[in-house]
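Enquirer: Sending over a structure as structure tokens; questions will come in a sec.
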Amino acid sequence: MSPFNGKEMFSHARSKLKQYGGLKRIIKKMSIRRLKKQKHDGGGSGGSGEGSSNTMAVVVDDQSSIDPPCPPCPSPSLGVNPSSSSSDDTDSEVSDANHALILSTGRQSAQGNSPLLLLPQELFDMITSYLDHAHVALLALVNKELMARFMRSCVKLGLGAPEDPTSYKMLNTFIKSAASPGMTKTKARGTLLSLIEYDLEDVVYCYKCKKIHSPFVSFMDRAYAPRKATRCIDWTMEHHMPSRATRKMLRTITKRRIHGSEYRYLLRQVNNTSTAYLKGIMAQITLRVRYRDDELLLRRQQVVSSIDKTALALWIFGQQLVDANTVVPSNMTVPRVYAMCNHRTWFSTYMPLIKQLLQPLCTASHPDHEGHSAACFSSEELDVSKQEGHMICERLKWLSSGAKQNPMDTPALLGDVLGCDKCTTDYSLDVISLPEPFRWGFVLTSWLDLGALDFSAKWDSHRDARPSREYKRSVYGDICKRFEDVESPRDFRPRIREIDLERMQNYGWGQRVADGKDRYIMWVQSHTCNPRTGWIEDPDPLEEADC
């Protein structure tokens, strides 16, 4: 019979118990008790005190990373740091080292702490010192241990009472204490809520009303949403951004796309077409949204045409371009045309083209053909699309031919894709053939690149104009090229979908006009929006290029 060898028996039992995952905690405790016994006996594996101290150094280092966190101290950069250590608490930990070792090592196996918490305190302090108030609060929300560190730090700084350790009150007080050159308490709160709602796919933070809510609240009638804030509107009526393309809606779509959730049904809630006919003038505005290389692109197409083809109708079109960027339009009660961006106007960009259209038709004498009015132009029938050699006629003939090169000498501005040098916008003014009773009309197209997510540099360039929000560009036409999937912006040709051509005739109105009826009635045709939910109930189908 072999002599009793306790160490060998323990090792044998340890190898057997390793087969059962649920006993790992017991094994850890037994291992630590054996190390404690070796310390009291004064010997380690080599029988020297030095070897024993080295073994214990490893255990103490492990304990310091996973033991209950130490109360923090203020950080010079933020005024609060949720991870600094305290010398008083360190002394108490050393006095009870053996007991702390057993409990902390067992808890590490049960909890599986993050590698972030295993970092030395100096590195952890250095990392968190670079965070602003919103990101410090967000880090505290990760788990209970980081929240405990955060709350103890707030108590030490006088931001909360020890007898009332309520986490949300601590967070609120901490955010309100934000005071730095680049971060106010309002901005810190908004940043924190935006970071939190990033993982919530169906709600979004509204920086107008300072709340998190559904993106469709903006489209709901106030009778069904009595608590809807009056400021919960992204764009004013004269803003170049379409009213349906709100930041809240576009952010919701982008979040769902990034998270891999279904988002295409929300694209149909943004894409829309509205057609208005007033006093013989029709304006149809179509909005389409597409993703290209994870960036959100938007196209607004505005078709303007008059049922009367006269010189006066051409002058009225010029006035519509003038009113596009004005808050208070002129006294003309005709459908409104919207600007292409915050920095440019249709009239100033295409003034040479408008002058070339109007000057030969003016019946009054003006110095340098300035100061035109309605009295300068005749209301007699004059269809320039049928005059051989006229730029409108030649442009329509070339577009219908499908030829690549235009042999006629037409103005360079007509049909060219231009761009803004202060924001991510491309735009074009062209002509297009239309069904009766309009025959032809002008089409104003603008393409907007909104970037990968809101509040990026591209997105900011489309908010209210400020010098700090400008996006410098030197190459134009690239947004049009990506949206339309053409090799060059010169290959772009305006196109109107069949369903939108039917809307121009208002489902039978065009035939009544041909019969001499209802020529100057007023009508508006658009989608059906449920006032209770804000959803479009008859959205248009997506095209293959939209997905």
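The chains in the structure tokens are called A, B, ... from first to last as shown; in each chain the residues are counted from 1, and the ligands are counted from 1 in the order shown.
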Residues at most 12 Å from Tyr198 in chain A, counting only C-alpha atoms, excluding those fewer than 2 positions away in the same chain, as a PyMOL selection string?
Expert: chain A and resi 138+191-196+200-205+212+248+251-259+453-454
Enquirer: If we count only C-alpha atoms, what is near Asn272 in chain A at a cut-off of 12 Å, once residues fewer than 2 positions away on the same chain are taken out, given as a PyMOL selection string?
Expert: chain A and resi 242-245+266-270+274-275+284-289+298-301+499-500+525-529+535-542
Enquirer: Once DSSP has gone over the backbone, tell me which residues of range 223-332 of chain A are in strand (DSSP E or B), as a PyMOL selection string.
Expert: chain A and resi 272-278+281-292+295-306+310
Enquirer: Export, as an mmCIF file, in the first residue's frame, the selected residues with C-alpha atoms.
Expert:
```
data_model
loop_
_atom_site.group_PDB
_atom_site.id
_atom_site.type_symbol
_atom_site.label_atom_id
_atom_site.label_comp_id
_atom_site.auth_asym_id
_atom_site.auth_seq_id
_atom_site.Cartn_x
_atom_site.Cartn_y
_atom_site.Cartn_z
ATOM 1 C CA ASN A 272 -45.088 60.449 -52.615
ATOM 2 C CA THR A 273 -46.598 62.481 -55.443
ATOM 3 C CA SER A 274 -48.882 65.499 -55.196
ATOM 4 C CA THR A 275 -50.503 67.249 -58.162
ATOM 5 C CA ALA A 276 -52.209 70.644 -57.987
ATOM 6 C CA TYR A 277 -54.094 72.483 -60.744
ATOM 7 C CA LEU A 278 -55.041 76.110 -60.204
ATOM 8 C CA ILE A 281 -51.435 75.962 -64.264
ATOM 9 C CA MET A 282 -50.431 72.496 -63.094
ATOM 10 C CA ALA A 283 -47.550 71.589 -60.765
ATOM 11 C CA GLN A 284 -46.724 67.993 -59.906
ATOM 12 C CA ILE A 285 -44.118 67.287 -57.230
ATOM 13 C CA THR A 286 -42.699 63.771 -56.921
ATOM 14 C CA LEU A 287 -40.327 62.577 -54.203
ATOM 15 C CA ARG A 288 -38.204 59.413 -54.408
ATOM 16 C CA VAL A 289 -35.634 58.036 -51.923
ATOM 17 C CA ARG A 290 -32.885 55.525 -52.708
ATOM 18 C CA TYR A 291 -29.792 54.092 -51.012
ATOM 19 C CA ARG A 292 -26.476 54.018 -52.803
ATOM 20 C CA GLU A 295 -25.828 56.757 -48.300
ATOM 21 C CA LEU A 296 -29.337 58.132 -48.556
ATOM 22 C CA LEU A 297 -30.105 59.953 -51.809
ATOM 23 C CA LEU A 298 -33.268 61.925 -52.487
ATOM 24 C CA ARG A 299 -34.771 63.191 -55.745
ATOM 25 C CA ARG A 300 -37.478 65.814 -55.992
ATOM 26 C CA GLN A 301 -38.992 66.269 -59.450
ATOM 27 C CA GLN A 302 -41.254 69.259 -60.131
ATOM 28 C CA VAL A 303 -43.217 69.370 -63.383
ATOM 29 C CA VAL A 304 -44.812 72.742 -64.235
ATOM 30 C CA SER A 305 -47.069 73.334 -67.204
ATOM 31 C CA SER A 306 -49.839 75.690 -68.310
ATOM 32 C CA THR A 310 -49.036 81.753 -74.462
#
```
Enquirer: Quick one: residues within 8 Å of range 318-328 of chain A, only C-alpha atoms counted, chain neighbours fewer than 3 positions away excluded, as a list of chain:residue names?
Expert: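 Contacts, with the query itself left out: A:Glu238, A:Leu314, A:Trp315, A:Val334, A:Arg336, A:Val337, A:Tyr338, A:Ala339, A:Thr345, A:Trp346, A:Phe347, A:Ile354.
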Enquirer: Please produce an output containing all heavy atoms for each residue in the selection, written as an mmCIF file, in the first residue's frame.
Expert:
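Resulting contents of selection.cif:
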```cif
data_model
loop_
_atom_site.group_PDB
_atom_site.id
_atom_site.type_symbol
_atom_site.label_atom_id
_atom_site.label_comp_id
_atom_site.auth_asym_id
_atom_site.auth_seq_id
_atom_site.Cartn_x
_atom_site.Cartn_y
_atom_site.Cartn_z
ATOM 1 N N GLU A 238 -41.544 76.868 -46.748
ATOM 2 C CA GLU A 238 -40.697 77.354 -47.838
ATOM 3 C C GLU A 238 -39.346 76.645 -47.900
ATOM 4 O O GLU A 238 -38.532 76.955 -48.769
ATOM 5 C CB GLU A 238 -40.473 78.863 -47.703
ATOM 6 C CG GLU A 238 -39.645 79.284 -46.497
ATOM 7 C CD GLU A 238 -40.469 79.429 -45.242
ATOM 8 O OE1 GLU A 238 -41.679 79.131 -45.302
ATOM 9 O OE2 GLU A 238 -39.904 79.845 -44.202
ATOM 10 N N LEU A 314 -45.425 81.837 -70.169
ATOM 11 C CA LEU A 314 -43.977 81.740 -69.962
ATOM 12 C C LEU A 314 -43.497 82.739 -68.910
ATOM 13 O O LEU A 314 -42.615 82.441 -68.099
ATOM 14 C CB LEU A 314 -43.250 81.967 -71.287
ATOM 15 C CG LEU A 314 -43.433 80.888 -72.365
ATOM 16 C CD1 LEU A 314 -42.719 81.294 -73.654
ATOM 17 C CD2 LEU A 314 -42.915 79.554 -71.872
ATOM 18 N N TRP A 315 -44.087 83.950 -68.919
ATOM 19 C CA TRP A 315 -43.703 84.933 -67.905
ATOM 20 C C TRP A 315 -44.139 84.468 -66.512
ATOM 21 O O TRP A 315 -43.403 84.638 -65.534
ATOM 22 C CB TRP A 315 -44.349 86.281 -68.225
ATOM 23 C CG TRP A 315 -44.071 87.310 -67.172
ATOM 24 C CD1 TRP A 315 -42.934 88.052 -67.029
ATOM 25 C CD2 TRP A 315 -44.945 87.708 -66.104
ATOM 26 N NE1 TRP A 315 -43.038 88.891 -65.940
ATOM 27 C CE2 TRP A 315 -44.276 88.690 -65.347
ATOM 28 C CE3 TRP A 315 -46.231 87.321 -65.721
ATOM 29 C CZ2 TRP A 315 -44.845 89.294 -64.233
ATOM 30 C CZ3 TRP A 315 -46.799 87.924 -64.616
ATOM 31 C CH2 TRP A 315 -46.119 88.893 -63.879
ATOM 32 N N VAL A 334 -50.950 80.832 -57.853
ATOM 33 C CA VAL A 334 -50.630 79.689 -58.716
ATOM 34 C C VAL A 334 -49.870 78.677 -57.884
ATOM 35 O O VAL A 334 -49.335 79.009 -56.814
ATOM 36 C CB VAL A 334 -49.792 80.131 -59.942
ATOM 37 C CG1 VAL A 334 -50.600 81.041 -60.847
ATOM 38 C CG2 VAL A 334 -48.502 80.808 -59.495
ATOM 39 N N ARG A 336 -47.125 76.508 -56.093
ATOM 40 C CA ARG A 336 -45.792 76.920 -55.681
ATOM 41 C C ARG A 336 -44.737 75.963 -56.204
ATOM 42 O O ARG A 336 -44.957 74.755 -56.288
ATOM 43 C CB ARG A 336 -45.716 76.994 -54.150
ATOM 44 C CG ARG A 336 -44.386 77.515 -53.620
ATOM 45 C CD ARG A 336 -44.334 77.466 -52.110
ATOM 46 N NE ARG A 336 -43.070 77.991 -51.624
ATOM 47 C CZ ARG A 336 -42.851 79.232 -51.252
ATOM 48 N NH1 ARG A 336 -43.853 80.102 -51.290
ATOM 49 N NH2 ARG A 336 -41.668 79.645 -50.831
ATOM 50 N N VAL A 337 -43.570 76.528 -56.533
ATOM 51 C CA VAL A 337 -42.384 75.756 -56.902
ATOM 52 C C VAL A 337 -41.377 75.900 -55.767
ATOM 53 O O VAL A 337 -41.191 77.002 -55.223
ATOM 54 C CB VAL A 337 -41.788 76.256 -58.229
ATOM 55 C CG1 VAL A 337 -40.468 75.564 -58.528
ATOM 56 C CG2 VAL A 337 -42.771 76.015 -59.363
ATOM 57 N N TYR A 338 -40.706 74.808 -55.409
ATOM 58 C CA TYR A 338 -39.794 74.805 -54.263
ATOM 59 C C TYR A 338 -38.342 74.932 -54.724
ATOM 60 O O TYR A 338 -37.972 74.475 -55.814
ATOM 61 C CB TYR A 338 -39.976 73.529 -53.443
ATOM 62 C CG TYR A 338 -41.325 73.455 -52.786
ATOM 63 C CD1 TYR A 338 -42.396 72.856 -53.431
ATOM 64 C CD2 TYR A 338 -41.539 74.002 -51.523
ATOM 65 C CE1 TYR A 338 -43.657 72.796 -52.843
ATOM 66 C CE2 TYR A 338 -42.784 73.946 -50.916
ATOM 67 C CZ TYR A 338 -43.833 73.345 -51.580
ATOM 68 O OH TYR A 338 -45.072 73.299 -50.998
ATOM 69 N N ALA A 339 -37.534 75.532 -53.863
ATOM 70 C CA ALA A 339 -36.125 75.776 -54.179
ATOM 71 C C ALA A 339 -35.349 74.471 -54.233
ATOM 72 O O ALA A 339 -35.757 73.447 -53.676
ATOM 73 C CB ALA A 339 -35.512 76.705 -53.138
ATOM 74 N N THR A 345 -30.952 79.778 -56.035
ATOM 75 C CA THR A 345 -32.339 79.928 -56.464
ATOM 76 C C THR A 345 -32.453 79.538 -57.928
ATOM 77 O O THR A 345 -31.500 79.689 -58.706
ATOM 78 C CB THR A 345 -32.826 81.371 -56.277
ATOM 79 O OG1 THR A 345 -32.080 82.237 -57.147
ATOM 80 C CG2 THR A 345 -32.641 81.828 -54.834
ATOM 81 N N TRP A 346 -33.632 79.053 -58.284
ATOM 82 C CA TRP A 346 -33.849 78.684 -59.692
ATOM 83 C C TRP A 346 -33.731 79.899 -60.603
ATOM 84 O O TRP A 346 -33.123 79.819 -61.688
ATOM 85 C CB TRP A 346 -35.236 78.065 -59.848
ATOM 86 C CG TRP A 346 -35.423 76.718 -59.217
ATOM 87 C CD1 TRP A 346 -36.155 76.437 -58.103
ATOM 88 C CD2 TRP A 346 -34.876 75.466 -59.661
ATOM 89 N NE1 TRP A 346 -36.106 75.096 -57.819
ATOM 90 C CE2 TRP A 346 -35.319 74.478 -58.764
ATOM 91 C CE3 TRP A 346 -34.055 75.098 -60.711
ATOM 92 C CZ2 TRP A 346 -34.979 73.137 -58.896
ATOM 93 C CZ3 TRP A 346 -33.704 73.757 -60.844
ATOM 94 C CH2 TRP A 346 -34.162 72.794 -59.955
ATOM 95 N N PHE A 347 -34.286 81.022 -60.178
ATOM 96 C CA PHE A 347 -34.320 82.181 -61.069
ATOM 97 C C PHE A 347 -32.933 82.765 -61.297
ATOM 98 O O PHE A 347 -32.560 83.094 -62.434
ATOM 99 C CB PHE A 347 -35.252 83.248 -60.501
ATOM 100 C CG PHE A 347 -35.440 84.423 -61.421
ATOM 101 C CD1 PHE A 347 -36.282 84.325 -62.530
ATOM 102 C CD2 PHE A 347 -34.768 85.622 -61.208
ATOM 103 C CE1 PHE A 347 -36.455 85.405 -63.388
ATOM 104 C CE2 PHE A 347 -34.935 86.699 -62.062
ATOM 105 C CZ PHE A 347 -35.776 86.581 -63.161
ATOM 106 N N ILE A 354 -34.152 82.305 -68.924
ATOM 107 C CA ILE A 354 -35.466 82.934 -68.852
ATOM 108 C C ILE A 354 -35.503 84.208 -69.710
ATOM 109 O O ILE A 354 -36.492 84.476 -70.422
ATOM 110 C CB ILE A 354 -35.828 83.258 -67.392
ATOM 111 C CG1 ILE A 354 -35.847 81.974 -66.549
ATOM 112 C CG2 ILE A 354 -37.168 83.956 -67.315
ATOM 113 C CD1 ILE A 354 -36.823 80.941 -67.026
#
```
Enquirer: For a quick check of understanding, using only C-alpha atoms, which of A:Lys355, A:Lys517, A:Lys422, A:His462 has the smallest distance to Ser474 in chain A?
Expert: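 Among A:Lys355, A:Lys517, A:Lys422, A:His462, it is A:Lys422 that comes nearest to Ser474 in chain A.
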Enquirer: Give me, as a list in words, all polymer residues having an atom no more than 9 Å from range 217-222 of chain A, counting only C-alpha atoms and skipping those fewer than 3 positions away in the same chain.
Expert: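 Contacts, in chain order: His213, Ser214, Ala225, Pro226, Arg227, Lys228, Cys232, Ile233, Asp234, Arg244, Thr246, Lys248, Cys529, Asn530, Pro531, Arg532, Thr533, Gly534 and Trp535 of chain A.
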Enquirer: Using only C-alpha atoms, which residues sit within 7 Å of range 502-515 of chain A once same-chain residues fewer than 3 positions away are excluded, as a short mmCIF file (atom, residue, chain, number, x, y, z; two decimals) with N, CA and C atoms, in the first residue's frame?
Expert:
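What landed in around11.cif:
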```
data_model
loop_
_atom_site.label_atom_id
_atom_site.label_comp_id
_atom_site.auth_asym_id
_atom_site.auth_seq_id
_atom_site.Cartn_x
_atom_site.Cartn_y
_atom_site.Cartn_z
N THR A 275 -50.23 66.50 -56.94
CA THR A 275 -50.50 67.25 -58.16
C THR A 275 -51.56 68.30 -57.86
N GLU A 436 -52.21 65.39 -73.21
CA GLU A 436 -53.20 66.46 -73.31
C GLU A 436 -53.93 66.61 -71.97
N PRO A 437 -54.27 67.82 -71.61
CA PRO A 437 -54.27 69.05 -72.41
C PRO A 437 -53.02 69.92 -72.23
N GLU A 498 -45.85 56.23 -65.51
CA GLU A 498 -47.20 56.16 -66.08
C GLU A 498 -48.26 56.55 -65.06
N ILE A 499 -48.07 56.13 -63.81
CA ILE A 499 -49.05 56.46 -62.79
C ILE A 499 -49.12 57.95 -62.53
N ASP A 518 -64.85 72.22 -67.66
CA ASP A 518 -63.98 72.24 -66.47
C ASP A 518 -62.53 72.65 -66.79
N ARG A 519 -62.38 73.63 -67.67
CA ARG A 519 -61.03 74.00 -68.09
C ARG A 519 -60.27 74.72 -66.98
#
```
Enquirer: Taking only C-alpha atoms into account, name the residue in A:Cys420, A:Arg152, A:Leu123, A:Ser180 that is nearest to Thr166 in chain A.
Expert: A:Arg152
Enquirer: I need the residues in range 166-382 of chain A that are alpha helix (DSSP H) according to DSSP; give them as a ChimeraX atom specification.
Expert: /A:167-176,185-197,247-258,264-270,311-323,346-349,351-358
